[in-house]
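S.K.: Contents of input_33.pdb (PDB, C-alpha atoms, pLDDT in the B column) are below:
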ATOM      1  CA  MET U   1       0.000   0.000   0.000  1.00 38.00           C
ATOM      2  CA  ILE U   2       1.392   3.422  -0.975  1.00 41.00           C
ATOM      3  CA  GLU U   3       0.787   6.040   1.694  1.00 43.00           C
ATOM      4  CA  GLU U   4       1.332   9.742   2.247  1.00 45.00           C
ATOM      5  CA  LYS U   5       0.949  10.740  -1.404  1.00 44.00           C
ATOM      6  CA  LEU U   6       1.869  14.354  -2.059  1.00 43.00           C
ATOM      7  CA  SER U   7       1.618  16.084  -5.446  1.00 51.00           C
ATOM      8  CA  GLY U   8       2.197  12.865  -7.327  1.00 57.00           C
ATOM      9  CA  GLY U   9       5.107  11.826  -5.101  1.00 65.00           C
ATOM     10  CA  VAL U  10       5.544   9.757  -1.946  1.00 77.00           C
ATOM     11  CA  GLN U  11       6.145  11.947   1.082  1.00 82.00           C
ATOM     12  CA  SER U  12       7.534   9.152   3.254  1.00 84.00           C
ATOM     13  CA  LEU U  13      10.159   8.400   0.596  1.00 86.00           C
ATOM     14  CA  GLU U  14      11.104  12.065   0.432  1.00 87.00           C
ATOM     15  CA  VAL U  15      11.524  12.186   4.209  1.00 88.00           C
ATOM     16  CA  GLY U  16      13.628   9.043   4.138  1.00 87.00           C
ATOM     17  CA  LEU U  17      15.868  10.534   1.461  1.00 88.00           C
ATOM     18  CA  THR U  18      16.154  13.685   3.552  1.00 90.00           C
ATOM     19  CA  VAL U  19      17.525  11.552   6.392  1.00 91.00           C
ATOM     20  CA  LEU U  20      19.904   9.845   3.965  1.00 88.00           C
ATOM     21  CA  ASN U  21      21.035  13.238   2.626  1.00 87.00           C
ATOM     22  CA  ALA U  22      21.772  14.389   6.175  1.00 89.00           C
ATOM     23  CA  LEU U  23      24.030  11.359   6.719  1.00 87.00           C
ATOM     24  CA  LEU U  24      25.705  12.078   3.392  1.00 80.00           C
ATOM     25  CA  GLU U  25      26.282  15.766   4.143  1.00 82.00           C
ATOM     26  CA  HIS U  26      27.591  15.065   7.647  1.00 79.00           C
ATOM     27  CA  ASN U  27      30.141  12.659   6.105  1.00 69.00           C
ATOM     28  CA  LYS U  28      31.057  10.997   9.417  1.00 80.00           C
ATOM     29  CA  PRO U  29      29.268   8.998  12.129  1.00 89.00           C
ATOM     30  CA  ILE U  30      26.610  10.889  14.074  1.00 91.00           C
ATOM     31  CA  ILE U  31      24.440  10.137  17.115  1.00 93.00           C
ATOM     32  CA  LEU U  32      20.653  10.091  16.833  1.00 93.00           C
ATOM     33  CA  LYS U  33      20.216  13.228  18.956  1.00 92.00           C
ATOM     34  CA  ASP U  34      22.508  15.295  16.731  1.00 93.00           C
ATOM     35  CA  LEU U  35      20.969  13.916  13.535  1.00 92.00           C
ATOM     36  CA  SER U  36      17.433  14.756  14.702  1.00 92.00           C
ATOM     37  CA  HIS U  37      18.589  18.259  15.652  1.00 91.00           C
ATOM     38  CA  LYS U  38      20.191  18.657  12.224  1.00 90.00           C
ATOM     39  CA  LEU U  39      16.933  17.601  10.573  1.00 91.00           C
ATOM     40  CA  ASP U  40      14.689  19.469  13.029  1.00 92.00           C
ATOM     41  CA  MET U  41      12.761  16.222  13.435  1.00 91.00           C
ATOM     42  CA  HIS U  42      11.712  14.231  16.499  1.00 93.00           C
ATOM     43  CA  PRO U  43      14.286  11.529  17.361  1.00 91.00           C
ATOM     44  CA  ALA U  44      11.660   8.767  17.315  1.00 93.00           C
ATOM     45  CA  LYS U  45      10.653   9.697  13.775  1.00 93.00           C
ATOM     46  CA  VAL U  46      14.264   9.879  12.614  1.00 92.00           C
ATOM     47  CA  HIS U  47      14.888   6.477  14.197  1.00 94.00           C
ATOM     48  CA  ARG U  48      12.021   4.876  12.233  1.00 93.00           C
ATOM     49  CA  TYR U  49      13.540   6.059   8.958  1.00 92.00           C
ATOM     50  CA  LEU U  50      17.002   4.967  10.031  1.00 92.00           C
ATOM     51  CA  VAL U  51      15.670   1.464  10.688  1.00 93.00           C
ATOM     52  CA  SER U  52      14.372   1.305   7.106  1.00 91.00           C
ATOM     53  CA  LEU U  53      17.617   2.700   5.680  1.00 91.00           C
ATOM     54  CA  ILE U  54      19.601   0.146   7.680  1.00 92.00           C
ATOM     55  CA  ARG U  55      17.290  -2.635   6.491  1.00 91.00           C
ATOM     56  CA  MET U  56      18.078  -1.640   2.886  1.00 89.00           C
ATOM     57  CA  ASN U  57      21.796  -1.209   3.695  1.00 87.00           C
ATOM     58  CA  TYR U  58      21.832   2.535   2.916  1.00 88.00           C
ATOM     59  CA  ALA U  59      22.769   3.250   6.537  1.00 89.00           C
ATOM     60  CA  LYS U  60      24.302   1.310   9.391  1.00 90.00           C
ATOM     61  CA  GLN U  61      24.655   1.627  13.146  1.00 91.00           C
ATOM     62  CA  LEU U  62      28.137   1.322  14.585  1.00 90.00           C
ATOM     63  CA  ASP U  63      29.064  -0.476  17.805  1.00 88.00           C
ATOM     64  CA  ASP U  64      29.158   2.842  19.677  1.00 91.00           C
ATOM     65  CA  GLY U  65      25.560   3.599  18.647  1.00 91.00           C
ATOM     66  CA  GLN U  66      26.369   6.217  16.007  1.00 92.00           C
ATOM     67  CA  TYR U  67      24.882   6.124  12.524  1.00 91.00           C
ATOM     68  CA  THR U  68      26.697   6.384   9.205  1.00 88.00           C
ATOM     69  CA  LEU U  69      26.290   5.517   5.524  1.00 83.00           C
ATOM     70  CA  GLY U  70      25.875   1.861   4.604  1.00 85.00           C
ATOM     71  CA  ASP U  71      27.545  -0.112   1.837  1.00 78.00           C
ATOM     72  CA  GLN U  72      24.637   0.342  -0.579  1.00 80.00           C
ATOM     73  CA  ALA U  73      24.950   4.125  -0.333  1.00 75.00           C
ATOM     74  CA  TRP U  74      28.635   3.875  -1.188  1.00 70.00           C
ATOM     75  CA  ARG U  75      27.849   1.556  -4.113  1.00 69.00           C
ATOM     76  CA  LEU U  76      25.315   4.051  -5.431  1.00 72.00           C
ATOM     77  CA  GLY U  77      27.851   6.877  -5.247  1.00 68.00           C
ATOM     78  CA  LEU U  78      30.516   4.738  -6.848  1.00 63.00           C
ATOM     79  CA  SER U  79      28.184   3.814  -9.709  1.00 62.00           C
ATOM     80  CA  CYS U  80      27.572   7.511 -10.378  1.00 62.00           C
ATOM     81  CA  ILE U  81      31.317   8.216 -10.365  1.00 58.00           C
ATOM     82  CA  GLN U  82      31.992   5.369 -12.785  1.00 53.00           C
ATOM     83  CA  HIS U  83      29.555   6.876 -15.284  1.00 56.00           C
ATOM     84  CA  THR U  84      30.900  10.419 -15.334  1.00 60.00           C
ATOM     85  CA  ASP U  85      31.127  11.848 -18.837  1.00 73.00           C
ATOM     86  CA  VAL U  86      34.920  12.173 -19.085  1.00 84.00           C
ATOM     87  CA  LEU U  87      35.662   8.679 -17.788  1.00 86.00           C
ATOM     88  CA  GLN U  88      33.105   7.131 -20.121  1.00 85.00           C
ATOM     89  CA  LEU U  89      34.461   9.191 -23.001  1.00 87.00           C
ATOM     90  CA  VAL U  90      37.909   7.589 -22.766  1.00 92.00           C
ATOM     91  CA  GLN U  91      37.009   4.020 -21.813  1.00 91.00           C
ATOM     92  CA  HIS U  92      38.091   2.689 -25.205  1.00 93.00           C
ATOM     93  CA  LEU U  93      41.453   4.457 -24.834  1.00 95.00           C
ATOM     94  CA  ILE U  94      41.966   3.060 -21.341  1.00 95.00           C
ATOM     95  CA  TYR U  95      41.459  -0.497 -22.592  1.00 95.00           C
ATOM     96  CA  GLU U  96      43.725   0.160 -25.578  1.00 96.00           C
ATOM     97  CA  LEU U  97      46.372   1.427 -23.169  1.00 96.00           C
ATOM     98  CA  GLN U  98      46.137  -1.698 -21.051  1.00 96.00           C
ATOM     99  CA  SER U  99      46.417  -3.959 -24.086  1.00 95.00           C
ATOM    100  CA  LYS U 100      49.560  -2.134 -25.227  1.00 96.00           C
ATOM    101  CA  ILE U 101      51.462  -2.131 -21.927  1.00 96.00           C
ATOM    102  CA  GLY U 102      50.055  -5.373 -20.481  1.00 95.00           C
ATOM    103  CA  CYS U 103      50.203  -4.016 -16.933  1.00 94.00           C
ATOM    104  CA  GLY U 104      47.375  -3.615 -14.469  1.00 94.00           C
ATOM    105  CA  ILE U 105      45.480  -0.341 -14.733  1.00 95.00           C
ATOM    106  CA  GLN U 106      43.840   1.476 -11.832  1.00 95.00           C
ATOM    107  CA  ILE U 107      41.604   4.532 -12.156  1.00 95.00           C
ATOM    108  CA  SER U 108      41.067   6.712  -9.074  1.00 95.00           C
ATOM    109  CA  LYS U 109      38.898   9.746  -8.459  1.00 93.00           C
ATOM    110  CA  TRP U 110      39.072  12.088  -5.507  1.00 93.00           C
ATOM    111  CA  SER U 111      36.772  11.544  -2.529  1.00 89.00           C
ATOM    112  CA  PRO U 112      36.674  13.236   0.901  1.00 87.00           C
ATOM    113  CA  GLN U 113      38.537  10.209   2.311  1.00 88.00           C
ATOM    114  CA  GLY U 114      41.228  10.216  -0.391  1.00 93.00           C
ATOM    115  CA  PRO U 115      41.745   8.599  -3.815  1.00 95.00           C
ATOM    116  CA  LEU U 116      38.828   6.260  -4.523  1.00 92.00           C
ATOM    117  CA  VAL U 117      39.440   3.365  -6.923  1.00 92.00           C
ATOM    118  CA  VAL U 118      36.609   3.399  -9.479  1.00 90.00           C
ATOM    119  CA  GLN U 119      38.039   1.012 -12.074  1.00 90.00           C
ATOM    120  CA  SER U 120      40.612  -1.763 -11.991  1.00 91.00           C
ATOM    121  CA  ILE U 121      41.888  -3.843 -14.922  1.00 92.00           C
ATOM    122  CA  GLU U 122      44.050  -6.913 -14.351  1.00 90.00           C
ATOM    123  CA  SER U 123      47.596  -7.292 -15.613  1.00 91.00           C
ATOM    124  CA  ASN U 124      48.279  -9.810 -18.380  1.00 90.00           C
ATOM    125  CA  HIS U 125      51.193 -11.209 -16.420  1.00 85.00           C
ATOM    126  CA  PRO U 126      51.334 -14.178 -14.018  1.00 78.00           C
ATOM    127  CA  ILE U 127      51.672 -11.987 -10.923  1.00 70.00           C
ATOM    128  CA  SER U 128      48.449 -10.008 -11.018  1.00 63.00           C
ATOM    129  CA  ILE U 129      47.734  -7.194  -8.592  1.00 72.00           C
ATOM    130  CA  VAL U 130      44.053  -6.220  -8.505  1.00 68.00           C
ATOM    131  CA  THR U 131      42.901  -3.358  -6.319  1.00 78.00           C
ATOM    132  CA  LYS U 132      39.284  -3.712  -5.262  1.00 82.00           C
ATOM    133  CA  VAL U 133      36.959  -1.101  -6.730  1.00 84.00           C
ATOM    134  CA  GLY U 134      35.801   1.110  -3.866  1.00 85.00           C
ATOM    135  CA  SER U 135      39.147   0.994  -2.066  1.00 88.00           C
ATOM    136  CA  ILE U 136      40.648   4.204  -0.697  1.00 91.00           C
ATOM    137  CA  MET U 137      44.329   4.516  -1.596  1.00 95.00           C
ATOM    138  CA  PRO U 138      46.789   6.083   0.852  1.00 96.00           C
ATOM    139  CA  LEU U 139      48.062   9.536  -0.004  1.00 97.00           C
ATOM    140  CA  VAL U 140      51.600   9.153   1.306  1.00 97.00           C
ATOM    141  CA  ASN U 141      52.944   5.998  -0.310  1.00 95.00           C
ATOM    142  CA  SER U 142      50.720   5.104  -3.274  1.00 96.00           C
ATOM    143  CA  ALA U 143      51.230   6.422  -6.805  1.00 97.00           C
ATOM    144  CA  ALA U 144      47.630   7.662  -7.043  1.00 97.00           C
ATOM    145  CA  GLY U 145      47.875   9.267  -3.618  1.00 97.00           C
ATOM    146  CA  ARG U 146      51.064  11.108  -4.488  1.00 97.00           C
ATOM    147  CA  VAL U 147      49.521  12.434  -7.696  1.00 98.00           C
ATOM    148  CA  PHE U 148      46.449  13.803  -5.938  1.00 98.00           C
ATOM    149  CA  ALA U 149      48.545  15.146  -3.065  1.00 97.00           C
ATOM    150  CA  SER U 150      50.737  17.008  -5.543  1.00 97.00           C
ATOM    151  CA  TYR U 151      47.941  18.580  -7.583  1.00 96.00           C
ATOM    152  CA  LEU U 152      45.271  19.308  -4.963  1.00 96.00           C
ATOM    153  CA  PRO U 153      45.352  22.244  -2.506  1.00 95.00           C
ATOM    154  CA  GLU U 154      47.494  21.810   0.596  1.00 95.00           C
ATOM    155  CA  ALA U 155      44.527  22.580   2.881  1.00 95.00           C
ATOM    156  CA  VAL U 156      42.695  19.558   1.449  1.00 94.00           C
ATOM    157  CA  ILE U 157      45.437  16.955   1.548  1.00 96.00           C
ATOM    158  CA  LYS U 158      47.688  17.915   4.476  1.00 96.00           C
ATOM    159  CA  PRO U 159      45.291  16.808   7.280  1.00 95.00           C
ATOM    160  CA  LEU U 160      44.727  13.457   5.560  1.00 95.00           C
ATOM    161  CA  MET U 161      48.456  12.894   5.083  1.00 97.00           C
ATOM    162  CA  GLN U 162      49.153  13.830   8.685  1.00 96.00           C
ATOM    163  CA  ALA U 163      46.588  11.252   9.809  1.00 95.00           C
ATOM    164  CA  GLU U 164      48.484   8.596   7.812  1.00 96.00           C
ATOM    165  CA  TRP U 165      51.795   9.613   9.381  1.00 97.00           C
ATOM    166  CA  ASP U 166      50.226   9.579  12.850  1.00 96.00           C
ATOM    167  CA  LYS U 167      48.791   6.105  12.257  1.00 95.00           C
ATOM    168  CA  ALA U 168      52.172   4.831  11.053  1.00 95.00           C
ATOM    169  CA  THR U 169      53.811   6.217  14.192  1.00 95.00           C
ATOM    170  CA  ARG U 170      51.230   4.629  16.485  1.00 95.00           C
ATOM    171  CA  ASN U 171      51.613   1.255  14.778  1.00 94.00           C
ATOM    172  CA  HIS U 172      55.416   1.468  14.539  1.00 92.00           C
ATOM    173  CA  TYR U 173      55.821   1.020  10.789  1.00 90.00           C
ATOM    174  CA  PRO U 174      57.729   3.355   8.448  1.00 89.00           C
ATOM    175  CA  ILE U 175      56.244   5.028   5.389  1.00 93.00           C
ATOM    176  CA  LYS U 176      57.948   7.266   2.868  1.00 93.00           C
ATOM    177  CA  PRO U 177      57.966  10.191   2.615  1.00 96.00           C
ATOM    178  CA  ASN U 178      57.934  10.248   6.412  1.00 93.00           C
ATOM    179  CA  ASP U 179      57.004  13.898   6.990  1.00 95.00           C
ATOM    180  CA  TRP U 180      55.690  17.006   5.255  1.00 96.00           C
ATOM    181  CA  ASN U 181      59.121  18.353   4.291  1.00 96.00           C
ATOM    182  CA  GLU U 182      60.046  15.089   2.565  1.00 96.00           C
ATOM    183  CA  PHE U 183      56.718  15.144   0.747  1.00 97.00           C
ATOM    184  CA  ILE U 184      57.307  18.689  -0.548  1.00 97.00           C
ATOM    185  CA  ALA U 185      60.573  17.528  -2.136  1.00 96.00           C
ATOM    186  CA  LEU U 186      58.710  14.589  -3.718  1.00 96.00           C
ATOM    187  CA  LYS U 187      55.887  16.898  -4.853  1.00 97.00           C
ATOM    188  CA  GLU U 188      58.356  19.089  -6.742  1.00 97.00           C
ATOM    189  CA  LYS U 189      59.601  16.060  -8.671  1.00 95.00           C
ATOM    190  CA  THR U 190      56.048  14.884  -9.327  1.00 97.00           C
ATOM    191  CA  LEU U 191      55.019  18.240 -10.777  1.00 97.00           C
ATOM    192  CA  GLU U 192      58.236  18.511 -12.773  1.00 96.00           C
ATOM    193  CA  HIS U 193      57.813  15.109 -14.432  1.00 95.00           C
ATOM    194  CA  GLY U 194      54.002  15.061 -14.478  1.00 96.00           C
ATOM    195  CA  MET U 195      53.848  11.681 -12.764  1.00 97.00           C
ATOM    196  CA  ALA U 196      54.384   9.933  -9.439  1.00 97.00           C
ATOM    197  CA  ILE U 197      56.215   6.650  -8.936  1.00 96.00           C
ATOM    198  CA  ALA U 198      55.798   4.212  -6.054  1.00 95.00           C
ATOM    199  CA  GLN U 199      58.670   1.753  -6.354  1.00 93.00           C
ATOM    200  CA  GLY U 200      57.821  -0.950  -3.849  1.00 87.00           C
ATOM    201  CA  ASP U 201      56.609   1.705  -1.400  1.00 86.00           C
ATOM    202  CA  LEU U 202      53.146   0.220  -0.926  1.00 84.00           C
ATOM    203  CA  LEU U 203      53.815  -3.432  -1.833  1.00 83.00           C
ATOM    204  CA  VAL U 204      57.301  -4.921  -1.922  1.00 86.00           C
ATOM    205  CA  GLY U 205      58.330  -5.832  -5.460  1.00 88.00           C
ATOM    206  CA  ILE U 206      55.429  -3.934  -7.027  1.00 92.00           C
ATOM    207  CA  ASN U 207      55.956  -0.770  -9.030  1.00 94.00           C
ATOM    208  CA  ALA U 208      53.234   1.765  -9.750  1.00 96.00           C
ATOM    209  CA  VAL U 209      53.218   4.897 -11.894  1.00 97.00           C
ATOM    210  CA  GLY U 210      50.450   7.481 -11.622  1.00 98.00           C
ATOM    211  CA  ILE U 211      49.654  10.271 -14.088  1.00 98.00           C
ATOM    212  CA  PRO U 212      46.872  12.863 -13.762  1.00 98.00           C
ATOM    213  CA  ILE U 213      44.059  13.135 -16.305  1.00 96.00           C
ATOM    214  CA  PHE U 214      42.629  16.621 -16.784  1.00 94.00           C
ATOM    215  CA  ASN U 215      39.232  17.722 -18.043  1.00 88.00           C
ATOM    216  CA  ALA U 216      38.604  20.414 -20.632  1.00 82.00           C
ATOM    217  CA  HIS U 217      38.831  23.060 -17.908  1.00 82.00           C
ATOM    218  CA  ARG U 218      42.312  21.841 -16.952  1.00 86.00           C
ATOM    219  CA  SER U 219      41.122  20.573 -13.581  1.00 89.00           C
ATOM    220  CA  MET U 220      42.245  17.124 -12.503  1.00 93.00           C
ATOM    221  CA  GLU U 221      39.487  14.665 -13.360  1.00 91.00           C
ATOM    222  CA  PHE U 222      41.056  11.364 -12.260  1.00 94.00           C
ATOM    223  CA  CYS U 223      44.369   9.579 -11.919  1.00 97.00           C
ATOM    224  CA  ILE U 224      45.442   6.645 -14.069  1.00 98.00           C
ATOM    225  CA  VAL U 225      47.959   4.219 -12.587  1.00 97.00           C
ATOM    226  CA  ALA U 226      49.927   1.409 -14.201  1.00 96.00           C
ATOM    227  CA  LEU U 227      51.034  -1.233 -11.718  1.00 94.00           C
ATOM    228  CA  ASP U 228      52.852  -4.523 -11.990  1.00 93.00           C
ATOM    229  CA  SER U 229      55.836  -6.418 -10.663  1.00 92.00           C
ATOM    230  CA  GLU U 230      59.199  -4.691 -11.057  1.00 91.00           C
ATOM    231  CA  MET U 231      60.023  -7.262 -13.749  1.00 91.00           C
ATOM    232  CA  PHE U 232      57.137  -6.210 -15.996  1.00 93.00           C
ATOM    233  CA  LEU U 233      57.040  -2.508 -15.096  1.00 94.00           C
ATOM    234  CA  PRO U 234      60.602  -1.212 -14.717  1.00 94.00           C
ATOM    235  CA  VAL U 235      60.699   2.464 -13.761  1.00 93.00           C
ATOM    236  CA  HIS U 236      64.327   3.363 -14.450  1.00 91.00           C
ATOM    237  CA  GLN U 237      65.094   6.323 -16.706  1.00 87.00           C
ATOM    238  CA  ASP U 238      65.503   4.255 -19.898  1.00 91.00           C
ATOM    239  CA  SER U 239      62.422   2.075 -19.371  1.00 94.00           C
ATOM    240  CA  GLU U 240      60.599   1.610 -22.685  1.00 95.00           C
ATOM    241  CA  LYS U 241      57.477   0.444 -20.820  1.00 95.00           C
ATOM    242  CA  LEU U 242      57.434   3.641 -18.769  1.00 96.00           C
ATOM    243  CA  GLU U 243      57.858   5.804 -21.870  1.00 96.00           C
ATOM    244  CA  LEU U 244      55.057   3.941 -23.646  1.00 97.00           C
ATOM    245  CA  PHE U 245      52.752   4.478 -20.682  1.00 97.00           C
ATOM    246  CA  LYS U 246      53.542   8.196 -20.590  1.00 96.00           C
ATOM    247  CA  ARG U 247      52.894   8.582 -24.339  1.00 96.00           C
ATOM    248  CA  GLU U 248      49.578   6.742 -24.214  1.00 96.00           C
ATOM    249  CA  VAL U 249      48.330   8.747 -21.229  1.00 97.00           C
ATOM    250  CA  ALA U 250      49.420  11.970 -22.941  1.00 97.00           C
ATOM    251  CA  ALA U 251      47.275  10.893 -25.905  1.00 96.00           C
ATOM    252  CA  ILE U 252      44.291  10.393 -23.566  1.00 96.00           C
ATOM    253  CA  ASN U 253      44.773  13.882 -22.138  1.00 95.00           C
ATOM    254  CA  GLN U 254      45.065  15.301 -25.649  1.00 94.00           C
ATOM    255  CA  PHE U 255      41.912  13.480 -26.749  1.00 93.00           C
ATOM    256  CA  ILE U 256      39.941  15.044 -23.859  1.00 91.00           C
ATOM    257  CA  GLN U 257      41.266  18.546 -24.566  1.00 87.00           C
ATOM    258  CA  THR U 258      40.252  18.422 -28.230  1.00 86.00           C
ATOM    259  CA  ARG U 259      36.714  17.143 -27.740  1.00 79.00           C
TER     260      ARG U 259
END
Mind turning the file's structure into structure tokens?

M.R.:
Amino acid sequence: MIEEKLSGGVQSLEVGLTVLNALLEHNKPIILKDLSHKLDMHPAKVHRYLVSLIRMNYAKQLDDGQYTLGDQAWRLGLSCIQHTDVLQLVQHLIYELQSKIGCGIQISKWSPQGPLVVQSIESNHPISIVTKVGSIMPLVNSAAGRVFASYLPEAVIKPLMQAEWDKATRNHYPIKPNDWNEFIALKEKTLEHGMAIAQGDLLVGINAVGIPIFNAHRSMEFCIVALDSEMFLPVHQDSEKLELFKREVAAINQFIQTR
């Protein structure tokens, strides 16, 4: 039975989406009291809608009682990201690139949590590294992370990078670069060469090269990363594979600019 019809719509659905939007806008876990205050809605009413959202996996309740977005909400957002105009425009070129270099390809877009993997294509080689779509890549020691960290404003990326350094310190494991000053030196090289390299920094024996893709307005649209074992993706200065990757990505950027 459909209830609460309003001007051809369903009012209860609209209210439920309003609750979902509030979780989305808050972008971190929130207690029921604060969420109801944000919505100017009685807590009992908000709770009823949260129960339905949780049942459909668009929201979830954490062990501490706070509420946050559920996996289905993230999948919905990811599906929208995967179908953005620019990314769809160059899909054929991305697959051509992968067939030419034979390495794994990873496409990341920026999210409030960091680089979000929105596409992953397997390597043709025996040792295949596949990054799960929906994964958040670290800023400090991944190729995609270093690209975004180099091209995005300092105010956006510095707090996230500091959180990674703090976590590494708490858990007693080293990551490079190990502080902001070291990153600035790496950033200068990244901007100079137009790419970032992670040579075994994230996974031992695995090389990754990230290059930014820009839209027609010259804003960074996404990052494309080639990754494979050091045998199949050498990153030394005379690497033919590296040069091929750079040329093919340059062609993708050129294609976007001339559309």

S.K.: Please identify all polymer residues within 8 Å of segment 51-59 of chain U, counting only C-alpha atoms, omitting same-chain residues fewer than 3 positions from it, and present them as a PyMOL selection string.

M.R.: chain U and resi 16+20+47-48+67-73

S.K.: Given the file shown, enumerate the residues that the PyMOL selection byres ((chain U and resi 93) around 12) captures and present them as a PyMOL selection string.

M.R.: chain U and resi 86-92+94-100+105+224+248-256

S.K.: Can you pull out the residues contacting Ala144 of chain U? Cut-off 10 Å, using all atoms listed in the file, and skip same-chain residues under 3 positions away; I want them as a PyMOL selection string.

M.R.: chain U and resi 106-110+114-117+137-141+147-150+195-198+208-212+222-226

S.K.: Nearest residue to Lys45 of chain U out of U:Ile175, U:Val19, U:Gln66, U:Gln237, using all atoms listed in the file?

M.R.: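 Once distances to Lys45 of chain U are computed over all atoms listed in the file, the minimum belongs to U:Val19.
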
S.K.: Could you check the closest approach to Val156 of chain U for each of U:Ser111, U:Ile31, U:Asp85, U:Leu24 and tell me which residue wins, using only C-alpha atoms?

M.R.: U:Ser111

S.K.: Grab the atom CA of His236 of chain U to atom CA of Glu192 of chain U distance for me, in Å with one decimal place.

M.R.: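 Distance between the two atoms: 16.4 Å.
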
S.K.: Using all atoms listed in the file, can you tell me which of U:Arg146, U:Val235, U:Ile127, U:Gln119 comes closest to Ala185 of chain U?

M.R.: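 Of all the options, U:Arg146 lies closest to Ala185 of chain U.
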
S.K.: Nearest residue to Glu230 of chain U out of U:Glu243, U:Asp201, U:Asp64, U:Glu25, using all atoms listed in the file?

M.R.: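 Selected residue with least distance to Glu230 of chain U: U:Asp201.
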
S.K.: Name all residues at most 12 Å from Pro126 of chain U (count all atoms listed in the file; drop same-chain ones fewer than 2 positions away) and give them as a ChimeraX atom specification.

M.R.: /U:102-104,122-124,128-129,228-229,231-232

S.K.: Please compute the atom CA of Ser12 of chain U-atom CA of Leu39 of chain U distance, one decimal, in Å.

M.R.: 14.6 Å

S.K.: Quick one: distance from atom CA of Lys176 of chain U to atom CA of Pro159 of chain U in Å, one decimal?

M.R.: 16.5 Å

S.K.: With all atoms listed in the file as the atoms that count, which of U:Leu203, U:Asp179, U:Ser120, U:His26 lies nearest to Asp166 of chain U?

M.R.: U:Asp179

S.K.: For Ala216 of chain U, which residue out of U:Lys246, U:Glu14, U:Ser36, U:Thr258 is the nearest one, using all atoms listed in the file?

M.R.: U:Thr258

S.K.: Complete segment 162-173 of chain U at the level of N, CA, C and O atoms, written as a compact mmCIF listing (two decimals), keeping the file's coordinate frame.

M.R.:
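And here's out.txt as it stands now:
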# COMPACT_ATOMS: atom_id res chain seq x y z
N GLN U 162 48.70 13.84 7.29
CA GLN U 162 49.15 13.83 8.68
C GLN U 162 48.52 12.67 9.45
O GLN U 162 49.18 12.04 10.29
N ALA U 163 47.26 12.39 9.16
CA ALA U 163 46.59 11.25 9.81
C ALA U 163 47.28 9.94 9.46
O ALA U 163 47.41 9.04 10.31
N GLU U 164 47.75 9.81 8.22
CA GLU U 164 48.48 8.60 7.81
C GLU U 164 49.83 8.51 8.53
O GLU U 164 50.24 7.43 8.97
N TRP U 165 50.52 9.62 8.66
CA TRP U 165 51.80 9.61 9.38
C TRP U 165 51.57 9.29 10.86
O TRP U 165 52.34 8.52 11.45
N ASP U 166 50.52 9.85 11.44
CA ASP U 166 50.23 9.58 12.85
C ASP U 166 49.90 8.10 13.07
O ASP U 166 50.35 7.49 14.05
N LYS U 167 49.14 7.53 12.15
CA LYS U 167 48.79 6.10 12.26
C LYS U 167 50.04 5.23 12.14
O LYS U 167 50.20 4.25 12.88
N ALA U 168 50.93 5.59 11.22
CA ALA U 168 52.17 4.83 11.05
C ALA U 168 53.02 4.90 12.31
O ALA U 168 53.62 3.90 12.73
N THR U 169 53.04 6.06 12.95
CA THR U 169 53.81 6.22 14.19
C THR U 169 53.22 5.38 15.31
O THR U 169 53.95 4.69 16.05
N ARG U 170 51.89 5.40 15.43
CA ARG U 170 51.23 4.63 16.48
C ARG U 170 51.45 3.13 16.31
O ARG U 170 51.59 2.39 17.28
N ASN U 171 51.49 2.69 15.06
CA ASN U 171 51.61 1.25 14.78
C ASN U 171 53.05 0.82 14.48
O ASN U 171 53.29 -0.33 14.12
N HIS U 172 53.98 1.76 14.63
CA HIS U 172 55.42 1.47 14.54
C HIS U 172 55.82 0.85 13.20
O HIS U 172 56.52 -0.16 13.14
N TYR U 173 55.33 1.45 12.10
CA TYR U 173 55.82 1.02 10.79
C TYR U 173 56.19 2.27 9.98
O TYR U 173 55.53 3.31 10.08
